[in-house]
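Following: one structure in structure tokens, then a few remarks.
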Amino acid sequence: MKPEIELYTMGHCPFCRAAKNLLRSKGITDWSEIDLEIEHSYRNEMIARSGGRKTVPQIFINGQHIGGSDDLHTLDARGGLDPLLGPASNQLKQAL
């Protein structure tokens, strides 16, 4: 089963790119992305869903708020990201 990933981003954001690059390195290429530079009306939704955070990216996996890029990278370093990503991440590991 593929994970449901939602990203609130901005096009010029280097942290947004870093988060997406980490997901790609795990074999994940499919996510919903809301670019707040284009879709301003979603900013309040992001703030509410993230517990008041106003910075991008804000990342959700299967409805669970992960946080920003640093949080995603920390989760990965602790071994907690792969279980959330499921088989797509595990298949990439086995191929390497």
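Residue numbers start at 1 in each chain; chains themselves are named A, B, ... in the order of the structure tokens; ligands are numbered from 1 in the order shown.
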Restrict the calculation to only C-alpha atoms, then for each residue of stretch 17-54 of chain A with any atom at most 12 Å from an atom of stretch 70-74 of chain A give the closest atom pair and their distance in Å to one decimal, rows by chain and rising residue number, as CSV.
residue,atom,partner,partner_atom,distance
A:Arg17,CA,A:Asp70,CA,11.9
A:Ala18,CA,A:His73,CA,9.0
A:Ala19,CA,A:Leu72,CA,7.0
A:Lys20,CA,A:Leu72,CA,10.0
A:Asn21,CA,A:His73,CA,10.6
A:Leu22,CA,A:His73,CA,7.6
A:Leu23,CA,A:Leu72,CA,9.1
A:Ser25,CA,A:His73,CA,11.7
A:Lys26,CA,A:His73,CA,11.7
DSSP says strand (DSSP E) for which residues of chain A? Put them as a list in words?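 These are the residues in question: Ile5, Glu6, Leu7, Tyr8, Thr9, Ser32, Glu33, Ile34, Asp35, Gln58, Ile59, Phe60, Ile61, Gln64, His65, Ile66 and Gly67 of chain A.
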Just the number, please: distance in Å from atom CA of A:Gly68 to atom CA of A:Ile28, one decimal.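 Atom CA of A:Ile28 lies 17.0 Å from atom CA of A:Gly68.
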If you run DSSP on the backbone, which residues of chain A are alpha helix (DSSP H), as a ChimeraX atom specification? /A:14-25,43-49,69-77,81-85,87-95
Env of A:Asp35: 8 Å cut, atoms = only C-alpha atoms, seq-sep filter 5 positions within chain, self excluded. Answer as number ranges by chain. A: 8-11
Generate a file of the selected residues that holds N, CA and C atoms, formatted as a PDB file, in the first residue's frame.
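Full text of result_10.pdb as output:
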ATOM      1  N   TYR A   8       2.968  20.827   2.139  1.00  0.00           N
ATOM      2  CA  TYR A   8       2.714  22.251   1.956  1.00  0.00           C
ATOM      3  C   TYR A   8       4.075  22.873   1.690  1.00  0.00           C
ATOM      4  N   THR A   9       4.227  23.526   0.554  1.00  0.00           N
ATOM      5  CA  THR A   9       5.533  24.009   0.123  1.00  0.00           C
ATOM      6  C   THR A   9       5.445  25.425  -0.438  1.00  0.00           C
ATOM      7  N   MET A  10       6.613  25.923  -0.832  1.00  0.00           N
ATOM      8  CA  MET A  10       6.745  27.130  -1.657  1.00  0.00           C
ATOM      9  C   MET A  10       7.853  26.837  -2.665  1.00  0.00           C
ATOM     10  N   GLY A  11       7.685  27.333  -3.869  1.00  0.00           N
ATOM     11  CA  GLY A  11       8.601  27.015  -4.954  1.00  0.00           C
ATOM     12  C   GLY A  11      10.048  27.370  -4.706  1.00  0.00           C
TER      13      GLY A  11
END
Atom CA of A:Leu85 to atom CA of A:Lys2, straight-line distance in Å: 7.3 Å
So that I can see what lies close to A:Ile34, please list as number ranges by chain the residues with an atom at most 12 Å from it, counting only C-alpha atoms and leaving out residues fewer than 2 positions away in the same chain. A: 5-11, 16, 31-32, 36-43, 45-46, 56-60
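The coordinates place atom CA of A:Asn62 at 23.7 Å from atom CA of A:Pro14.
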